[in-house]
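Chemist: Got a structure for you, questions after.
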Amino acid sequence: MSQQEVPIQYVLITPARNEEKNIKNTIRSMVAQTRLPLKWVIVNDGSTDATGELVKQYLEEYRWIELVEMPARRDRSFAAKVNSFNAGYERVKHLNYGVIGNLDADLSFAADYLEFLMSKFSEDPALGVAGTIFKEDGGYSSDTDSFEGHTHVPGGCQLFRRECFQDVGGYVPIKAGGIDWIAVTTARMRGWKTRSFREKVFFHHTTLGTAERSPLASSFHYGEKDYYLGGHPLWELLRTCYKMTKRPYVVGGAALGMGYLWAFLKRTPRAVSGELMRFHRCEQMQKLKAIVKSLFRLRRVDSFRVMQN
């Protein structure tokens, strides 16, 4: 077998906090995979429920699964999630792998899901980050209900080529969130190809942003996050209007816009560099031009493929 034919090995890290309701779905999906990881490290991030005990039930039979216990703590933040991810990273960084990924603890997916994604890395040496669309209860689908598009990779399952992960400096521990978005956008800014694929899908069992918030509070928080991640005001205005066409309709869209406006009035410090903010806004304006062009031509706007590159 030639060097080119040797399969790329991959490792996964799952920070998990109080996921006893969902983590069995993720574990069952993983042990059924047609292509297993070299190592899967589940980091029990100070859970106060039975998350750790549930994972322990699988360790003896599946030796490629490892459990890391973090100290108990009261807060739940994205910075803490990064710290847990890094604790898992310490257990795999010495291994001979080509792809490393974050896998959330509240997902489920088909048995060939990771084999499919790994085939994409084998096919395209320029591919730095890969993932798929996702769906949630209530009918939400990221390929039709979001304008992030096919160049964004959702953080629920986000796989990095090893060199790309090192190039972007891994995940940045920002307490308020955006860690997965910053990583994948930085990768794109540095010349890596980043792709989500429609051919496969993972199901997210917890509605985004609602782990410890109501849906309206979540929308408000996303507006704040759009500001501190450097989103363009014009794009945010149109995003707010679009959000008003989705449940909970006007109220949800208004909460999003108010979050952005509140962060602006408070002059919330940006979580990104000036370079990354300019790159992000340039992409947003490219999307906006493509959308307007399609509308003028009376063509259906494919939010997933709004940018063709």
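Letters for chains follow the order of the structure tokens (A, B, ...), residue numbers begin at 1 for each chain, and ligand numbers begin at 1 in the order shown.
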Write out as a list in words which residues come within 7 Å of Ile23 (chain A) when counting only C-alpha atoms, dropping same-chain ones fewer than 4 positions away.

Modeler: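 The contact residues come out as Glu19, Ile27, Ala105 and Asp106 of chain A.
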
Chemist: Convert the current residue selection to file output with N, CA and C atoms, as a PDB file, in the first residue's frame.

Modeler:
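The file below, selection.pdb, is the result:
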ATOM      1  N   GLU A  19     -24.923  16.402  30.496  1.00  0.00           N
ATOM      2  CA  GLU A  19     -25.526  15.905  29.253  1.00  0.00           C
ATOM      3  C   GLU A  19     -26.111  14.503  29.410  1.00  0.00           C
ATOM      4  N   ILE A  27     -22.927   8.657  22.023  1.00  0.00           N
ATOM      5  CA  ILE A  27     -22.092   7.463  22.183  1.00  0.00           C
ATOM      6  C   ILE A  27     -22.580   6.342  21.262  1.00  0.00           C
ATOM      7  N   ALA A 105     -21.728  16.801  22.791  1.00  0.00           N
ATOM      8  CA  ALA A 105     -22.266  15.638  23.499  1.00  0.00           C
ATOM      9  C   ALA A 105     -23.772  15.497  23.366  1.00  0.00           C
ATOM     10  N   ASP A 106     -24.391  16.233  22.449  1.00  0.00           N
ATOM     11  CA  ASP A 106     -25.841  16.165  22.294  1.00  0.00           C
ATOM     12  C   ASP A 106     -26.246  15.985  20.836  1.00  0.00           C
TER      13      ASP A 106
END

Chemist: Could you go through region 64-288 of chain A and tell me which residues DSSP, when run on the backbone, assigns to strand (DSSP E or B), listing them as a PyMOL selection string?

Modeler: chain A and resi 65-70+99-103+107-109+127-136+141+157-161+193-204

Chemist: Quick one: residues within 6 Å of region 156-162 of chain A, only C-alpha atoms, excluding same-chain residues fewer than 2 positions away - as an MDAnalysis selection string?

Modeler: chainID A and resid 98:104 128:131 154 164:165

Chemist: Which polymer residues have any atom within 6 Å of an atom of Leu107 (chain A), counting only C-alpha atoms, with same-chain residues fewer than 5 positions away left out, as number ranges by chain?

Modeler: A: 26, 203-205

Chemist: Env of region 75-86 of chain A: 8 Å cut, atoms = only C-alpha atoms, seq-sep filter 3 positions within chain, self excluded. Answer as an MDAnalysis selection string.

Modeler: chainID A and resid 13:15 43:45 70 89:90 102 171:177 179

Chemist: Please indicate the distance in Å from CA of Asp49 (chain A) to CA of Glu20 (chain A), rounded to one decimal place.

Modeler: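 Spanning CA of Asp49 (chain A) to CA of Glu20 (chain A) is a straight-line distance of 6.6 Å.
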
Chemist: What is the distance, in Å and to one decimal place, between CA of Arg63 (chain A) and CA of Met30 (chain A)?

Modeler: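 These two atoms are separated by 12.9 Å.
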
Chemist: Please determine, counting only C-alpha atoms, which residue among A:Val184, A:Ala16, A:Val301, A:Leu67 has the shortest atom-to-atom distance to Asp145 (chain A).

Modeler: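 Using only C-alpha atoms, the shortest distance to Asp145 (chain A) belongs to A:Val301.
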
Chemist: If we count only C-alpha atoms and set the cut-off at 7 Å, which residues sit around Ser196 (chain A), ignoring sequence neighbours fewer than 6 positions away in its own chain? Please answer as a PyMOL selection string.

Modeler: chain A and resi 130-133+150-153

Chemist: Convert the current residue selection to file output with C-alpha atoms, as an mmCIF file, in the first residue's frame.

Modeler:
data_model
loop_
_atom_site.group_PDB
_atom_site.id
_atom_site.type_symbol
_atom_site.label_atom_id
_atom_site.label_comp_id
_atom_site.auth_asym_id
_atom_site.auth_seq_id
_atom_site.Cartn_x
_atom_site.Cartn_y
_atom_site.Cartn_z
ATOM 1 C CA ALA A 130 -15.035 19.981 7.302
ATOM 2 C CA GLY A 131 -18.490 19.256 8.664
ATOM 3 C CA THR A 132 -22.105 18.993 7.611
ATOM 4 C CA ILE A 133 -25.431 20.698 7.950
ATOM 5 C CA HIS A 150 -21.432 26.074 2.810
ATOM 6 C CA THR A 151 -18.122 27.673 3.760
ATOM 7 C CA HIS A 152 -19.047 27.729 7.454
ATOM 8 C CA VAL A 153 -18.695 24.563 9.523
#

Chemist: What lies within 9 Å of Gly231 (chain A) using only C-alpha atoms, ignoring chain neighbours under 3 positions off, as a PDB file with N, CA and C atoms, in the first residue's frame?

Modeler:
ATOM      1  N   LYS A 225     -23.544  38.751  20.250  1.00  0.00           N
ATOM      2  CA  LYS A 225     -22.389  38.037  19.693  1.00  0.00           C
ATOM      3  C   LYS A 225     -22.073  38.503  18.283  1.00  0.00           C
ATOM      4  N   ASP A 226     -23.109  38.771  17.487  1.00  0.00           N
ATOM      5  CA  ASP A 226     -22.882  39.281  16.133  1.00  0.00           C
ATOM      6  C   ASP A 226     -22.075  40.575  16.173  1.00  0.00           C
ATOM      7  N   TYR A 227     -22.342  41.392  17.202  1.00  0.00           N
ATOM      8  CA  TYR A 227     -21.605  42.649  17.323  1.00  0.00           C
ATOM      9  C   TYR A 227     -20.151  42.403  17.708  1.00  0.00           C
ATOM     10  N   TYR A 228     -19.936  41.628  18.775  1.00  0.00           N
ATOM     11  CA  TYR A 228     -18.546  41.515  19.241  1.00  0.00           C
ATOM     12  C   TYR A 228     -17.698  40.614  18.358  1.00  0.00           C
ATOM     13  N   LEU A 234     -25.183  46.663   8.412  1.00  0.00           N
ATOM     14  CA  LEU A 234     -26.165  46.447   7.358  1.00  0.00           C
ATOM     15  C   LEU A 234     -26.577  44.988   7.286  1.00  0.00           C
ATOM     16  N   TRP A 235     -25.613  44.112   7.390  1.00  0.00           N
ATOM     17  CA  TRP A 235     -25.921  42.683   7.392  1.00  0.00           C
ATOM     18  C   TRP A 235     -26.812  42.337   8.580  1.00  0.00           C
ATOM     19  N   GLU A 236     -26.523  42.926   9.739  1.00  0.00           N
ATOM     20  CA  GLU A 236     -27.315  42.623  10.933  1.00  0.00           C
ATOM     21  C   GLU A 236     -28.751  43.108  10.787  1.00  0.00           C
ATOM     22  N   MET A 277     -12.085  40.912  11.498  1.00  0.00           N
ATOM     23  CA  MET A 277     -13.345  41.632  11.336  1.00  0.00           C
ATOM     24  C   MET A 277     -13.492  42.132   9.904  1.00  0.00           C
ATOM     25  N   HIS A 280     -14.325  39.182   7.702  1.00  0.00           N
ATOM     26  CA  HIS A 280     -15.711  38.763   7.950  1.00  0.00           C
ATOM     27  C   HIS A 280     -16.698  39.697   7.258  1.00  0.00           C
ATOM     28  N   ARG A 281     -16.506  40.986   7.400  1.00  0.00           N
ATOM     29  CA  ARG A 281     -17.428  41.949   6.786  1.00  0.00           C
ATOM     30  C   ARG A 281     -17.366  41.900   5.267  1.00  0.00           C
ATOM     31  N   GLN A 284     -19.494  39.058   4.273  1.00  0.00           N
ATOM     32  CA  GLN A 284     -20.908  39.395   4.426  1.00  0.00           C
ATOM     33  C   GLN A 284     -21.400  40.258   3.268  1.00  0.00           C
TER      34      GLN A 284
END

Chemist: With only C-alpha atoms as the atoms that count, which of A:Ala263, A:Val41, A:Met307, A:Leu216 lies nearest to Lys93 (chain A)?

Modeler: A:Val41

Chemist: As a ChimeraX atom specification, which residues of region 64-174 of chain A does DSSP assign to alpha helix (DSSP H)?

Modeler: /A:78-89,113-123,162-168
